[in-house]
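File shown: structure.cif (mmCIF, C-alpha atoms).
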```cif
data_input
#
loop_
_atom_site.label_atom_id
_atom_site.label_comp_id
_atom_site.auth_asym_id
_atom_site.auth_seq_id
_atom_site.Cartn_x
_atom_site.Cartn_y
_atom_site.Cartn_z
CA MET A 1 26.80 12.58 11.09
CA LYS A 2 25.19 11.19 14.23
CA PHE A 3 21.72 11.81 12.73
CA PHE A 4 22.69 9.90 9.57
CA PHE A 5 23.59 6.75 11.52
CA LEU A 6 20.53 7.10 13.77
CA ARG A 7 18.26 7.39 10.73
CA ARG A 8 19.83 4.32 9.10
CA ALA A 9 19.47 2.38 12.37
CA ILE A 10 15.79 3.32 12.59
CA TYR A 11 15.16 2.22 8.97
CA PHE A 12 16.95 -1.07 9.60
CA THR A 13 15.01 -1.70 12.82
CA ILE A 14 11.69 -0.99 11.13
CA LEU A 15 12.58 -3.30 8.26
CA ILE A 16 13.52 -6.13 10.65
CA ILE A 17 10.31 -5.67 12.64
CA SER A 18 8.19 -5.67 9.50
CA VAL A 19 9.82 -8.74 8.00
CA THR A 20 9.72 -10.81 11.18
CA SER A 21 6.28 -9.83 12.40
CA VAL A 22 3.14 -11.63 11.45
CA HIS A 23 0.96 -9.05 9.79
CA ALA A 24 -2.77 -9.71 9.57
CA GLN A 25 -4.03 -9.53 5.99
CA ASP A 26 -7.63 -8.67 6.75
CA ASN A 27 -9.64 -7.26 3.90
CA PHE A 28 -12.09 -4.51 4.66
CA VAL A 29 -14.55 -3.32 2.07
CA VAL A 30 -14.37 0.32 1.04
CA LYS A 31 -17.65 1.97 2.00
CA ASP A 32 -17.26 5.21 0.03
CA SER A 33 -18.51 4.54 -3.51
CA LYS A 34 -16.46 7.31 -5.18
CA LEU A 35 -13.27 6.16 -3.47
CA LYS A 36 -14.04 2.53 -4.34
CA ALA A 37 -14.39 3.51 -8.01
CA ILE A 38 -11.02 5.30 -7.95
CA LEU A 39 -9.29 2.35 -6.27
CA ARG A 40 -10.94 -0.18 -8.62
CA GLU A 41 -9.79 1.79 -11.68
CA TYR A 42 -6.25 1.94 -10.28
CA LEU A 43 -6.19 -1.83 -9.71
CA LEU A 44 -7.53 -2.50 -13.21
CA THR A 45 -4.93 -0.23 -14.81
CA HIS A 46 -2.05 -1.66 -12.76
CA PRO A 47 -2.76 -5.36 -13.23
CA ASP A 48 -0.48 -7.89 -11.63
CA ILE A 49 -2.83 -10.84 -11.53
CA CYS A 50 -1.36 -13.73 -13.52
CA SER A 51 -2.68 -16.99 -14.94
CA TYR A 52 -1.34 -19.87 -17.00
CA ASP A 53 -1.92 -20.15 -20.73
CA SER A 54 -2.65 -23.41 -22.59
CA THR A 55 1.06 -24.24 -22.76
CA GLY A 56 1.50 -23.82 -19.00
CA LYS A 57 3.40 -20.54 -19.33
CA LEU A 58 2.77 -17.84 -16.72
CA VAL A 59 1.09 -14.83 -18.35
CA GLN A 60 -0.16 -11.54 -17.01
CA LEU A 61 -3.87 -10.97 -17.55
CA SER A 62 -4.93 -7.97 -19.60
CA LYS A 63 -7.14 -5.23 -18.20
CA GLU A 64 -10.10 -6.64 -20.14
CA GLU A 65 -9.59 -10.16 -18.75
CA ILE A 66 -9.27 -8.81 -15.23
CA GLU A 67 -12.40 -6.70 -15.74
CA GLU A 68 -14.27 -9.79 -16.92
CA TYR A 69 -13.06 -12.08 -14.14
CA TYR A 70 -12.71 -9.63 -11.25
CA GLY A 71 -14.92 -6.69 -12.19
CA ASP A 72 -17.33 -7.50 -9.38
CA ALA A 73 -14.67 -8.42 -6.80
CA LEU A 74 -14.69 -6.26 -3.72
CA VAL A 75 -11.86 -3.81 -3.19
CA GLY A 76 -10.32 -4.41 0.22
CA THR A 77 -8.47 -1.65 1.99
CA LYS A 78 -6.85 -1.24 5.36
CA ASN A 79 -5.75 1.83 7.30
CA LEU A 80 -2.19 0.89 8.23
CA LYS A 81 -2.15 2.92 11.43
CA ASN A 82 -4.86 0.87 13.13
CA ASP A 83 -5.94 -1.91 10.71
CA SER A 84 -9.43 -0.43 10.46
CA PHE A 85 -11.68 -0.11 7.45
CA ILE A 86 -12.54 3.29 6.07
CA THR A 87 -15.89 4.87 5.46
CA ASP A 88 -15.00 7.93 3.41
CA LYS A 89 -12.22 9.96 1.81
CA LYS A 90 -11.75 12.26 4.82
CA ASN A 91 -9.81 9.79 6.99
CA ILE A 92 -6.17 10.90 6.90
CA GLY A 93 -3.69 8.04 6.73
CA ILE A 94 -1.80 5.56 4.63
CA TYR A 95 -3.75 2.65 3.22
CA MET A 96 -3.06 -0.74 1.71
CA PHE A 97 -5.56 -1.91 -0.89
CA LYS A 98 -6.15 -4.78 -3.31
CA PHE A 99 -8.99 -6.88 -4.66
CA SER A 100 -10.38 -8.76 -1.66
CA GLY A 101 -9.60 -12.43 -1.45
CA LEU A 102 -7.30 -12.55 -4.46
CA SER A 103 -3.63 -13.42 -4.45
CA GLU A 104 -2.34 -10.20 -5.89
CA ARG A 105 0.17 -7.74 -4.66
CA PRO A 106 -1.08 -4.97 -2.38
CA HIS A 107 -0.82 -1.30 -3.33
CA LEU A 108 -0.48 1.85 -1.21
CA TYR A 109 -2.04 5.28 -1.16
CA ILE A 110 -1.93 8.30 1.12
CA GLN A 111 -5.27 9.82 1.98
CA TYR A 112 -5.37 13.55 2.68
CA PRO A 113 -8.55 15.44 3.67
CA ASP A 114 -9.16 16.56 0.08
CA ARG A 115 -7.34 14.06 -2.15
CA ILE A 116 -5.53 10.75 -2.35
CA GLU A 117 -2.01 10.13 -3.65
CA PHE A 118 -0.85 6.71 -4.83
CA ILE A 119 2.60 5.42 -3.96
CA GLU A 120 3.72 3.80 -7.20
CA ILE A 121 5.55 0.73 -5.87
CA GLU A 122 5.57 -1.02 -9.24
CA ALA A 123 7.35 1.84 -11.00
CA LYS A 124 10.78 0.90 -12.35
CA ASP A 125 12.18 4.06 -10.80
CA PHE A 126 10.56 3.40 -7.39
CA ASN A 127 12.64 5.11 -4.72
CA PHE A 128 12.24 3.79 -1.19
CA GLU A 129 13.68 6.95 0.39
CA ASN A 130 11.24 9.19 -1.51
CA ALA A 131 8.33 7.04 -0.34
CA LEU A 132 9.52 7.37 3.26
CA LYS A 133 9.87 11.14 2.84
CA LYS A 134 6.22 11.34 1.74
CA ILE A 135 5.16 9.38 4.81
CA ILE A 136 7.26 11.45 7.21
CA LYS A 137 5.90 14.62 5.57
CA LEU A 138 2.36 13.36 6.24
CA PHE A 139 3.24 12.72 9.90
CA HIS A 140 4.63 16.26 10.24
CA LYS A 141 1.74 17.91 8.43
CA TYR A 142 -0.90 16.14 10.55
CA PRO A 143 0.80 15.43 13.90
CA ASP A 144 -2.51 15.26 15.77
CA LYS A 145 -3.79 12.45 13.50
CA PHE A 146 -1.11 9.91 14.53
CA THR A 147 -0.01 8.76 17.96
CA GLN A 148 3.54 7.48 18.36
CA LYS A 149 2.22 3.91 18.28
CA GLU A 150 0.19 4.62 15.11
CA ARG A 151 3.25 6.10 13.40
CA ILE A 152 5.28 2.98 14.12
CA LYS A 153 2.40 0.69 13.08
CA THR A 154 1.98 2.68 9.86
CA LEU A 155 5.67 2.37 9.03
CA GLU A 156 5.52 -1.36 9.78
CA GLY A 157 2.54 -1.75 7.44
CA VAL A 158 4.21 0.24 4.67
CA MET A 159 7.36 -1.89 5.00
CA ASN A 160 5.28 -5.08 4.80
CA VAL A 161 3.44 -3.90 1.69
CA ILE A 162 6.64 -2.82 -0.07
CA TYR A 163 8.37 -6.06 0.89
CA THR A 164 5.38 -8.13 -0.30
CA TYR A 165 5.14 -6.21 -3.56
CA LYS A 166 8.83 -6.24 -4.39
CA TYR A 167 10.23 -9.48 -2.97
CA VAL A 168 7.59 -12.10 -2.15
CA ASP A 169 6.66 -14.69 -4.75
CA LEU A 170 2.91 -15.02 -4.38
CA GLY A 171 2.93 -18.30 -6.27
CA TYR A 172 0.50 -17.51 -9.02
#
```
Let me see the structure of the file written as structure tokens.
Amino acid sequence: MKFFFLRRAIYFTILIISVTSVHAQDNFVVKDSKLKAILREYLLTHPDICSYDSTGKLVQLSKEEIEEYYGDALVGTKNLKNDSFITDKKNIGIYMFKFSGLSERPHLYIQYPDRIEFIEIEAKDFNFENALKKIIKLFHKYPDKFTQKERIKTLEGVMNVIYTYKYVDLGY
């Protein structure tokens, strides 16, 4: 029972810190060409870039329109534990990524030594607790890859991305 309240208090504290802190939105270019191709394909198949049609109505762009307009845009990514850019797929961590310089919602993925796993924030059945479990599982599986400060910074970054994706009007 005590653990339950402690866990809820930690979640609440992290959420407050993430919402009230000013989080730098630097965009770093992905240097690994295979990873960049995977991330670009994900962004093009999960479009959330909107425009206005001739009647002034907000419309979501199709994959083809995004490919035409943003096909050459750089994919920006950031390691949430230290705000650094990545050079290859071997850097273990949780990353935020989006097209660089565009007002679109950020996405998340977990990078393991041999694979990446996307956290599907836009899914209708998105479960915040399940996402946190994946992150905690990563921390336990690779304890030597995260200092205490990096764990907290990672959780803060994840909270910011989820909050931005779910609740912030980006004013398309």
request  = For A:Phe146, work out the shell of residues within 9 Å, counting all atoms listed in the file and skipping chain neighbours fewer than 6 positions away, then give it as a list in words.
outcome  = Lys81, Gly93 and Phe139 of chain A
key: Residues returned when the PyMOL selection byres ((chain A and resi 99) around 6) runs on this file, as an NGL selection string   = :A and (74-76 or 98 or 100 or 102)
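From atom CA of A:Asn79 back to atom CA of A:Glu150, the distance works out to 10.2 Å.
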task = Please write the residues picked by the PyMOL selection byres ((chain A and resi 155) around 9) on this file as number ranges by chain.
result = A: 14-15, 18, 80-81, 132, 135, 150-154, 156-160
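With atom CA of A:Ile121 on one side and atom CA of A:Tyr142 on the other, the separation reads 23.4 Å.
For the file shown, the residue list from the PyMOL selection byres ((chain A and resi 106) around 7) reads Met96, Phe97, Lys98, Glu104, Arg105, His107, Leu108, Val161 and Tyr165 of chain A.
Taking atom CA of A:Ala37 and atom CA of A:Tyr163 as the two end points, the separation is 26.2 Å.
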message = Restricting the calculation to only C-alpha atoms: of A:Lys57, A:Lys137, A:Ser62, A:Tyr109, which residue gets closest to A:Tyr95?
response = A:Tyr109
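Of the residues listed (A:Val168, A:Glu117, A:Asn127, A:Asn82), A:Asn82 shows the shortest atom-to-atom separation from A:Lys145; distances use all atoms listed in the file.
Among the candidate residues A:Ile162, A:Ile66, A:Leu61, A:Leu44, the one lying nearest to A:Ala123 is A:Ile162, with distances computed using all atoms listed in the file.
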note = Using all atoms listed in the file, the best pick from A:Glu122, A:Asp83, A:Glu65, A:Asp53 as closest to A:Tyr167 would be A:Glu122
